[in-house]
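Novice: There's a structure below that I have some questions on.
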Amino acid sequence: MRVLVLLGAPGAGKGTQAHILARHLGLPRVATGDLFRAAVREGTPLGTAAQAYMERGELVPDEITVGMLLERLAADDAARGAILDGFPRTRSQAAALDRALAERGAAVEAALYVDVPADELLARLSGRWLCEAAGHTYHETAYPPRVPGICDVDGSRLVQRDDDRPEVVRARLEKQLGALAEVVEHYRAAGILQAVDGRRPIAAVTNDLLDSIEPVPYWRTHP
Ligand SMILES: [Zn+2]
């Protein structure tokens, strides 16, 4: 079983790469957010347990999250492995995942890290502006309006949501980067971290990621 972990900060393009890699490698993309929603919807024992924590506003314990992940990896479409998108988020989750996989004679094959410097992340995440009239979205650098501060479509004023202000984004990002750095370090210490430069165009990042892992023989992805 081939378990790949995809790591990256918010705004790094990790989710995009997870979808592309899943298609290229013929492996399902497994996102813990989706797992939670499915388990709660289906009322599985772990889903019910997770829901109780979430309703109390508490963090779901790692054992429950890892348990859901293992149930997902036991599904037919994950027989050859999976790409984990959004998990582990903390060092303790990474360790819990290692232990759970080891009990099944498996291991994380590689941790693929889409590396984007903090200042670039901040620029990507905080440059969003919306028009007052219809919520048309713009980005200061990626998709600027023709006239600064004015919507191209309807001429209304562009405003920034509190969530998109640089100081708010920075505070949130700093917390997230701290946890990410620990997870990155966990896999670096294990000798399976593959970091690629996430500032490059999407296709170039994909190529770097694919180059960094062992190719899978065609017969394994198309039995
Ligand atoms: Zn508009």
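Following the order of the structure tokens, first chain is A, next is B, and so on, with residues numbered from 1 inside each chain and ligands from 1 in the order they appear.
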Which residues, written as a list in words, have at least one atom at most 8 Å from Val66 of chain A, with only C-alpha atoms counted and residues fewer than 6 positions away on the same chain left out?

Specialist: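 Listing them by chain and then by number gives Gln93, Ala96, Leu97 and Ala100 of chain A.
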
Novice: Write the residues of the selection above to a file with C-alpha atoms, as a CSV table (one decimal), in the first residue's frame.

Specialist:
```csv
chain,number,residue,atom,x,y,z
A,93,GLN,CA,-1.2,13.2,14.5
A,96,ALA,CA,-0.4,8.4,15.6
A,97,LEU,CA,-0.6,7.8,11.9
A,100,ALA,CA,-1.5,2.9,13.1
```

Novice: Give me, as CSV, the closest atom pair and its distance (Å, one decimal) for every residue of chain A within a cut-off of 7 Å of ligand 1, counting only C-alpha atoms and all ligand atoms, rows sorted by chain and rising number.

Specialist:
```
residue,atom,partner,partner_atom_place_in_ligand_line,distance
A:Cys131,CA,ligand 1,1 (Zn),4.6
A:Glu132,CA,ligand 1,1 (Zn),6.7
A:Ala133,CA,ligand 1,1 (Zn),5.5
A:Ala134,CA,ligand 1,1 (Zn),4.9
A:Gly135,CA,ligand 1,1 (Zn),5.8
A:His136,CA,ligand 1,1 (Zn),4.5
A:Cys151,CA,ligand 1,1 (Zn),4.7
A:Asp152,CA,ligand 1,1 (Zn),6.6
A:Val153,CA,ligand 1,1 (Zn),5.0
A:Asp154,CA,ligand 1,1 (Zn),4.8
A:Gly155,CA,ligand 1,1 (Zn),6.5
A:Ser156,CA,ligand 1,1 (Zn),5.9
```

Novice: Kindly save the residues from that selection, with N, CA and C atoms included, as an mmCIF file, in the first residue's frame.

Specialist:
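Written output follows (selection-v2.cif):
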```cif
data_model
loop_
_atom_site.group_PDB
_atom_site.id
_atom_site.type_symbol
_atom_site.label_atom_id
_atom_site.label_comp_id
_atom_site.auth_asym_id
_atom_site.auth_seq_id
_atom_site.Cartn_x
_atom_site.Cartn_y
_atom_site.Cartn_z
ATOM 1 N N CYS A 131 -16.492 43.218 -4.511
ATOM 2 C CA CYS A 131 -17.261 44.431 -4.811
ATOM 3 C C CYS A 131 -18.496 44.488 -3.927
ATOM 4 N N GLU A 132 -18.898 45.713 -3.589
ATOM 5 C CA GLU A 132 -20.023 45.914 -2.671
ATOM 6 C C GLU A 132 -21.344 45.485 -3.287
ATOM 7 N N ALA A 133 -21.463 45.674 -4.594
ATOM 8 C CA ALA A 133 -22.764 45.449 -5.230
ATOM 9 C C ALA A 133 -23.092 43.959 -5.367
ATOM 10 N N ALA A 134 -22.114 43.171 -5.843
ATOM 11 C CA ALA A 134 -22.456 41.785 -6.183
ATOM 12 C C ALA A 134 -21.449 40.753 -5.681
ATOM 13 N N GLY A 135 -20.435 41.209 -4.945
ATOM 14 C CA GLY A 135 -19.462 40.249 -4.416
ATOM 15 C C GLY A 135 -18.498 39.702 -5.463
ATOM 16 N N HIS A 136 -18.352 40.399 -6.603
ATOM 17 C CA HIS A 136 -17.330 39.979 -7.573
ATOM 18 C C HIS A 136 -15.972 40.020 -6.884
ATOM 19 N N CYS A 151 -15.041 47.884 -9.143
ATOM 20 C CA CYS A 151 -15.403 46.635 -9.817
ATOM 21 C C CYS A 151 -15.482 46.827 -11.330
ATOM 22 N N ASP A 152 -14.816 45.928 -12.068
ATOM 23 C CA ASP A 152 -14.837 45.972 -13.539
ATOM 24 C C ASP A 152 -16.256 45.814 -14.081
ATOM 25 N N VAL A 153 -17.044 44.985 -13.398
ATOM 26 C CA VAL A 153 -18.349 44.589 -13.938
ATOM 27 C C VAL A 153 -19.407 45.659 -13.708
ATOM 28 N N ASP A 154 -19.486 46.169 -12.485
ATOM 29 C CA ASP A 154 -20.607 47.067 -12.162
ATOM 30 C C ASP A 154 -20.169 48.422 -11.598
ATOM 31 N N GLY A 155 -18.858 48.668 -11.512
ATOM 32 C CA GLY A 155 -18.385 49.987 -11.072
ATOM 33 C C GLY A 155 -18.541 50.266 -9.592
ATOM 34 N N SER A 156 -18.970 49.262 -8.812
ATOM 35 C CA SER A 156 -19.128 49.525 -7.374
ATOM 36 C C SER A 156 -17.774 49.454 -6.668
#
```

Novice: What's the 8 Å shell around Ala12 of chain A, counting only C-alpha atoms, without same-chain residues fewer than 6 positions away, as a PyMOL selection string?

Specialist: chain A and resi 114-116+121+198

Novice: With N, CA and C atoms kept, could you save the residues just selected as a tab-separated table (two decimals), in the first residue's frame?

Specialist:
```
chain	number	residue	atom	x	y	z
A	114	VAL	N	4.66	21.08	-0.42
A	114	VAL	CA	4.59	22.21	-1.35
A	114	VAL	C	5.00	23.45	-0.56
A	115	ASP	N	6.26	23.83	-0.75
A	115	ASP	CA	6.87	24.86	0.09
A	115	ASP	C	6.72	26.25	-0.52
A	116	VAL	N	6.05	27.13	0.20
A	116	VAL	CA	5.89	28.52	-0.23
A	116	VAL	C	6.27	29.40	0.96
A	121	LEU	N	2.82	33.56	0.92
A	121	LEU	CA	1.51	33.07	1.37
A	121	LEU	C	0.63	34.23	1.81
A	198	GLY	N	6.96	25.67	-4.19
A	198	GLY	CA	5.56	25.91	-4.52
A	198	GLY	C	5.30	27.26	-5.16
```

Novice: Have a look at A:Ala190, A:Ile64, A:Leu7, A:Ile83 and name the one nearest to His19 of chain A; count only C-alpha atoms.

Specialist: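 Looking only at the distances to His19 of chain A, the closest residue turns out to be A:Ile83.
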
Novice: Can you work out the spacing between atom CA of Leu173 of chain A and atom CA of Ser126 of chain A in Å, to one decimal?

Specialist: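 We find that atom CA of Leu173 of chain A and atom CA of Ser126 of chain A lie 10.5 Å from each other.
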
Novice: Using atom CA of Arg89 of chain A and atom CA of His139 of chain A as the two end points, give the distance in Å to one decimal.

Specialist: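 According to the coordinates, atom CA of Arg89 of chain A and atom CA of His139 of chain A are separated by 27.6 Å.
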
Novice: Need the shell around Ala49 of chain A: protein/DNA/RNA residues with any atom at most 9 Å away, counting only C-alpha atoms. Skip same-chain ones fewer than 4 positions apart. Format as an MDAnalysis selection string?

Specialist: chainID A and resid 40 44:45 53:54 60 64

Novice: Restricting it to C-alpha atoms, dump the selection as a PDB file, in the first residue's frame.

Specialist:
```pdb
ATOM      1  CA  VAL A  40     -21.150  11.780  10.645  1.00  0.00           C
ATOM      2  CA  THR A  44     -20.612   5.223  11.971  1.00  0.00           C
ATOM      3  CA  PRO A  45     -19.425   4.641  15.573  1.00  0.00           C
ATOM      4  CA  TYR A  53     -16.619  16.315  20.368  1.00  0.00           C
ATOM      5  CA  MET A  54     -17.405  18.786  17.606  1.00  0.00           C
ATOM      6  CA  VAL A  60     -11.578  15.507  17.889  1.00  0.00           C
ATOM      7  CA  ILE A  64     -10.687   8.961  16.348  1.00  0.00           C
TER       8      ILE A  64
END
```

Novice: At a cut-off of 7 Å, using only C-alpha atoms, what residues contact Ala82 of chain A? Leave out same-chain residues fewer than 2 positions from it and give the result as a ChimeraX atom specification.

Specialist: /A:2-4,27-30,78,84

Novice: Per DSSP on the backbone, what are the alpha helix (DSSP H) residues of segment 111-201 of chain A, as a VMD selection string?

Specialist: chain A and resid 118 to 126 166 to 189

Novice: With N, CA and C atoms retained, could you export that selection as an mmCIF file, in the first residue's frame?

Specialist:
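Okay, this is what ended up in result-v3.cif:
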```cif
data_model
loop_
_atom_site.group_PDB
_atom_site.id
_atom_site.type_symbol
_atom_site.label_atom_id
_atom_site.label_comp_id
_atom_site.auth_asym_id
_atom_site.auth_seq_id
_atom_site.Cartn_x
_atom_site.Cartn_y
_atom_site.Cartn_z
ATOM 1 N N ALA A 118 6.532 32.323 3.760
ATOM 2 C CA ALA A 118 5.433 32.963 4.489
ATOM 3 C C ALA A 118 4.998 34.284 3.853
ATOM 4 N N ASP A 119 5.951 35.093 3.362
ATOM 5 C CA ASP A 119 5.540 36.391 2.818
ATOM 6 C C ASP A 119 4.730 36.232 1.533
ATOM 7 N N GLU A 120 5.083 35.201 0.761
ATOM 8 C CA GLU A 120 4.314 34.916 -0.454
ATOM 9 C C GLU A 120 2.908 34.402 -0.096
ATOM 10 N N LEU A 121 2.825 33.560 0.925
ATOM 11 C CA LEU A 121 1.515 33.068 1.370
ATOM 12 C C LEU A 121 0.634 34.232 1.808
ATOM 13 N N LEU A 122 1.255 35.142 2.539
ATOM 14 C CA LEU A 122 0.524 36.293 3.051
ATOM 15 C C LEU A 122 -0.025 37.122 1.888
ATOM 16 N N ALA A 123 0.802 37.309 0.869
ATOM 17 C CA ALA A 123 0.356 38.077 -0.297
ATOM 18 C C ALA A 123 -0.791 37.374 -1.009
ATOM 19 N N ARG A 124 -0.681 36.043 -1.135
ATOM 20 C CA ARG A 124 -1.727 35.289 -1.825
ATOM 21 C C ARG A 124 -3.040 35.324 -1.052
ATOM 22 N N LEU A 125 -2.923 35.189 0.289
ATOM 23 C CA LEU A 125 -4.132 35.029 1.105
ATOM 24 C C LEU A 125 -4.797 36.346 1.460
ATOM 25 N N SER A 126 -4.023 37.428 1.460
ATOM 26 C CA SER A 126 -4.600 38.666 1.995
ATOM 27 C C SER A 126 -4.954 39.664 0.906
ATOM 28 N N PRO A 166 -4.683 41.844 5.922
ATOM 29 C CA PRO A 166 -3.343 41.278 6.140
ATOM 30 C C PRO A 166 -3.046 40.936 7.594
ATOM 31 N N GLU A 167 -3.425 41.798 8.536
ATOM 32 C CA GLU A 167 -3.069 41.527 9.944
ATOM 33 C C GLU A 167 -3.817 40.295 10.468
ATOM 34 N N VAL A 168 -5.072 40.109 10.004
ATOM 35 C CA VAL A 168 -5.857 38.944 10.434
ATOM 36 C C VAL A 168 -5.283 37.670 9.808
ATOM 37 N N VAL A 169 -4.981 37.774 8.511
ATOM 38 C CA VAL A 169 -4.417 36.628 7.804
ATOM 39 C C VAL A 169 -3.082 36.241 8.426
ATOM 40 N N ARG A 170 -2.265 37.249 8.753
ATOM 41 C CA ARG A 170 -0.941 36.982 9.315
ATOM 42 C C ARG A 170 -1.033 36.233 10.638
ATOM 43 N N ALA A 171 -1.936 36.670 11.508
ATOM 44 C CA ALA A 171 -2.076 36.025 12.819
ATOM 45 C C ALA A 171 -2.504 34.567 12.662
ATOM 46 N N ARG A 172 -3.470 34.333 11.766
ATOM 47 C CA ARG A 172 -3.963 32.975 11.550
ATOM 48 C C ARG A 172 -2.867 32.103 10.940
ATOM 49 N N LEU A 173 -2.163 32.705 9.963
ATOM 50 C CA LEU A 173 -1.130 31.965 9.249
ATOM 51 C C LEU A 173 0.013 31.540 10.177
ATOM 52 N N GLU A 174 0.407 32.443 11.087
ATOM 53 C CA GLU A 174 1.529 32.136 11.977
ATOM 54 C C GLU A 174 1.264 30.885 12.808
ATOM 55 N N LYS A 175 0.013 30.773 13.285
ATOM 56 C CA LYS A 175 -0.375 29.593 14.060
ATOM 57 C C LYS A 175 -0.264 28.341 13.191
ATOM 58 N N GLN A 176 -0.808 28.435 11.975
ATOM 59 C CA GLN A 176 -0.840 27.269 11.090
ATOM 60 C C GLN A 176 0.566 26.859 10.670
ATOM 61 N N LEU A 177 1.431 27.856 10.439
ATOM 62 C CA LEU A 177 2.790 27.539 10.004
ATOM 63 C C LEU A 177 3.586 26.862 11.104
ATOM 64 N N GLY A 178 3.286 27.220 12.360
ATOM 65 C CA GLY A 178 3.988 26.593 13.477
ATOM 66 C C GLY A 178 3.732 25.092 13.515
ATOM 67 N N ALA A 179 2.456 24.707 13.369
ATOM 68 C CA ALA A 179 2.100 23.283 13.384
ATOM 69 C C ALA A 179 2.675 22.588 12.152
ATOM 70 N N LEU A 180 2.590 23.262 11.006
ATOM 71 C CA LEU A 180 3.094 22.660 9.768
ATOM 72 C C LEU A 180 4.596 22.388 9.865
ATOM 73 N N ALA A 181 5.330 23.338 10.442
ATOM 74 C CA ALA A 181 6.781 23.172 10.557
ATOM 75 C C ALA A 181 7.126 21.928 11.373
ATOM 76 N N GLU A 182 6.315 21.658 12.401
ATOM 77 C CA GLU A 182 6.566 20.462 13.216
ATOM 78 C C GLU A 182 6.320 19.181 12.425
ATOM 79 N N VAL A 183 5.273 19.197 11.619
ATOM 80 C CA VAL A 183 4.964 18.010 10.814
ATOM 81 C C VAL A 183 6.048 17.798 9.761
ATOM 82 N N VAL A 184 6.466 18.900 9.134
ATOM 83 C CA VAL A 184 7.548 18.830 8.138
ATOM 84 C C VAL A 184 8.798 18.230 8.787
ATOM 85 N N GLU A 185 9.096 18.696 9.986
ATOM 86 C CA GLU A 185 10.288 18.223 10.700
ATOM 87 C C GLU A 185 10.179 16.731 11.040
ATOM 88 N N HIS A 186 8.978 16.321 11.398
ATOM 89 C CA HIS A 186 8.727 14.903 11.707
ATOM 90 C C HIS A 186 9.129 14.030 10.513
ATOM 91 N N TYR A 187 8.699 14.418 9.329
ATOM 92 C CA TYR A 187 8.986 13.599 8.151
ATOM 93 C C TYR A 187 10.420 13.782 7.662
ATOM 94 N N ARG A 188 10.981 14.971 7.899
ATOM 95 C CA ARG A 188 12.386 15.164 7.541
ATOM 96 C C ARG A 188 13.265 14.231 8.372
ATOM 97 N N ALA A 189 12.925 14.160 9.678
ATOM 98 C CA ALA A 189 13.692 13.293 10.572
ATOM 99 C C ALA A 189 13.547 11.823 10.166
#
```

Novice: Which residue, A:Leu70, A:Leu59, A:Leu35, A:Met1, has the smallest gap to Gly105 of chain A when you use only C-alpha atoms?

Specialist: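 Nearest candidate to Gly105 of chain A out of A:Leu70, A:Leu59, A:Leu35, A:Met1: A:Met1.
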
Novice: From the options A:Asp164, A:Glu42, A:Asp76, A:Asp34, which residue's atoms come nearest to Glu140 of chain A, counting only C-alpha atoms?

Specialist: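 Checking each candidate against Glu140 of chain A, we get A:Asp164 as the closest.
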
Novice: Suppose you want the space between atom CA of Thr137 of chain A and atom CA of Tyr113 of chain A; what is it in Å?

Specialist: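 Atom-to-atom, atom CA of Thr137 of chain A to atom CA of Tyr113 of chain A, that is 28.7 Å.
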
Novice: Ala203 of chain A: which residues within 10 Å, counting only C-alpha atoms, same-chain residues fewer than 6 positions away excluded, as a VMD selection string?

Specialist: chain A and resid 17 20 209

Novice: Create the file for the chosen residues now, containing N, CA and C atoms and written as a PDB file, in the first residue's frame.

Specialist:
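File produced: selection_0.pdb:
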```
ATOM      1  N   GLN A  17      -2.802  20.412  -6.013  1.00  0.00           N
ATOM      2  CA  GLN A  17      -1.839  19.355  -6.338  1.00  0.00           C
ATOM      3  C   GLN A  17      -2.367  17.984  -5.911  1.00  0.00           C
ATOM      4  N   ILE A  20      -4.601  16.735  -8.638  1.00  0.00           N
ATOM      5  CA  ILE A  20      -3.866  16.382  -9.857  1.00  0.00           C
ATOM      6  C   ILE A  20      -3.082  15.082  -9.646  1.00  0.00           C
ATOM      7  N   LEU A 209       6.807  17.211  -8.013  1.00  0.00           N
ATOM      8  CA  LEU A 209       6.277  16.249  -7.032  1.00  0.00           C
ATOM      9  C   LEU A 209       6.347  14.828  -7.585  1.00  0.00           C
TER      10      LEU A 209
END
```

Novice: Using DSSP on the backbone coordinates, identify the residues of segment 91-205 of chain A assigned to strand (DSSP E); present them as a list in words.

Specialist: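 Strand (DSSP E) assignments inside segment 91-205 of chain A correspond to Val108, Glu109, Ala110, Ala111, Leu112, Tyr113, Val114, Asp115, Arg128, Trp129, Leu130, Cys131, Thr137, Tyr138, His139, Leu158, Val159, Leu193, Gln194, Ala195, Val196 and Asp197 of chain A.
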